[in-house]
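Chemist: One structure coming up, written as C-alpha cells, with questions to follow.
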Amino acid sequence: MARCIAQGLVSGQRMAIDASLIEADANKQNSTPKEEWDAASIDPEDAPRAVREYLDALDEAAFGAVSEVQPKFTSHSDPASQWTAARKGSAFCSYSDDYLIDTDHGVIVDVEATRSIRQAEVGSTKTMLNRVKERFDLHPRRLIADTAYGTAPLLGWLVDRKIAPHIPVFDKAGRSDGTWSRADFEWDAENDQNICPAGHALEQFRRNYSDPNRGPTCKGTARYHAFKQVCQACPSKAKCCPNADARKITREEHEDARQVARDIAKTRQYDISMKLRKKVEMLFAHLKRILGLGRLRLRGPYGANDEFLLAATAQNLRKLAKIFPAPQQTRKA
Ligand code: SF4
C-alpha cells in the first residue's frame, strides 16, 4: 500500500467497498445443528487453534458479537465460519472477504475477514475507513457501494464524517401496488411534519407508552399520521391509503443522511460511481479465477484474515508490476 501511494496510484478521494464469500475449509459432515451447539462446553485448553480463535472472536464486532442469530450448522473444525445459503445453489461454510479499494487504479487499500452476514460486512466499512485514516491519512470524499451498505445507520455515520455516500438507499418503505410511497411525501423539517401529495400535513404521533417497543416511536423510527377526516374526504385516497382510514408514514433516525444519498443518486457523478463500483467486483473475480482463491486453506478468523491479506497484497503487487514494468535488462555485447 505504501508503495502504491508513493507511486501515485492512490489519491484516496474515491473509494469503493464490497464483500465476497470465500468457502471455508469446513464441511457439513463435521458440524452440529444450532439446537445442539454449545460454545460454553468447549475446553479452550484442549481445542485446536481455529476453535480457540473462534472463542476469542465471540465478542468481536466482525464475528460473534455482530449478531445473536446462530448459523443453522456450526463446523467443528472451523466454528467461526458461517453456514450460508446466500448464493444460489447449496449452502456451505464461508468467510466474507471485505475489500476497500481506491477507484483511481483499483488498488486495494484495506481488507478484512468477517462473518458472512450483512451486518458484519457492513460493519467492516467503519473498521477499514478508520484504519486507512489512521495508517495512511486517507479520508475519501466519496464512498461507493451497493444497496446492502445503504442502511440508515451507516449512511448517517458516513455523512457525519463528510463522506458522500454514493450508495443506493436500503429502503423497505417502497410500495409495489402502485400507491404512493414515502418518497412521494415532502419532509418539512422546520415544523417536524410530512406533507402529503394533496398538501396536507402528517404530524408525529406523540402518545406516551410505558413500554417503548409498543409505542409509535421505537428503534429510532418516528411515525407520522394524517387526520382521519382529511383522508376520508380526499379524492386521492385510493392512490394513497386504500385499505386504511388514514395514511401513516415513518421517518428513520438517519433520514437526513438517507435524503443526502437519495439526492446524490440523481447526479451524473453517481452514474459514474456505479460504473466504478465494478472495479471491486472485478478484483473478486480475479481473486477467484486467476489467483484461484475459491476455498481457504487456513482455518479460523486469523487464518482467513491472513489469506485474504496475502491475496490482496498479491493483487496490488500485480497491479504495480503491470503499471510500472521492470526496466528491460540490456545484454552485454
Ligand atoms: S389520503 Fe390523506 S395523506 Fe393521502 S393524499 Fe389524501 S389527505 Fe393526503
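Following the order of the C-alpha cells, first chain is A, next is B, and so on, with residues numbered from 1 inside each chain and ligands from 1 in the order they appear.
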Just the strand (DSSP E or B) stuff from segment 5-48 of chain A, please, per backbone DSSP, written as JSON, numbers by chain.
Modeler: {"A": [14, 15, 16, 17, 18, 19, 20, 21, 22, 23, 31, 32, 33]}
Chemist: Residues at most 9 Å from ligand 1, using only C-alpha atoms and all ligand atoms? Could they come as a ChimeraX atom specification?
Modeler: /A:180,185,195-202,225-242,245-248
Chemist: Work out how far apart atom CA of Ile117 of chain A and atom CA of Leu100 of chain A are and give it in Å to one decimal.
Modeler: 17.3 Å
Chemist: Can you check which parts of segment 64-159 of chain A lie within 12 Å of segment 47-58 of chain A? Per residue, the shortest pair of atoms and distance in Å to one decimal, counting only C-alpha atoms, sorted by chain and number, as a Markdown table.
Modeler:
| residue | atom | partner | partner_atom | distance |
| --- | --- | --- | --- | --- |
| A:Gly64 | CA | A:Leu58 | CA | 4.0 |
| A:Ala65 | CA | A:Leu58 | CA | 5.9 |
| A:Val66 | CA | A:Leu58 | CA | 8.9 |
| A:Ser67 | CA | A:Leu58 | CA | 10.1 |
| A:Glu68 | CA | A:Leu58 | CA | 10.2 |
| A:Gln70 | CA | A:Leu58 | CA | 11.6 |
| A:Thr74 | CA | A:Tyr54 | CA | 11.0 |
| A:Ser75 | CA | A:Val51 | CA | 9.6 |
| A:His76 | CA | A:Val51 | CA | 7.7 |
| A:Ser77 | CA | A:Val51 | CA | 6.9 |
| A:Asp78 | CA | A:Ala50 | CA | 5.7 |
| A:Pro79 | CA | A:Tyr54 | CA | 6.2 |
| A:Ala80 | CA | A:Tyr54 | CA | 5.0 |
| A:Ser81 | CA | A:Tyr54 | CA | 8.7 |
| A:Gln82 | CA | A:Tyr54 | CA | 11.4 |
| A:Ala113 | CA | A:Ala57 | CA | 11.7 |
| A:Thr114 | CA | A:Ala57 | CA | 10.4 |
| A:Arg115 | CA | A:Ala57 | CA | 10.4 |
Chemist: Please run DSSP on the backbone and report, as a PyMOL selection string, all residues within segment 62-288 of chain A that come out as alpha helix (DSSP H).
Modeler: chain A and resi 118-136+152-160+228-232+237-240+255-264+268-276+278-288
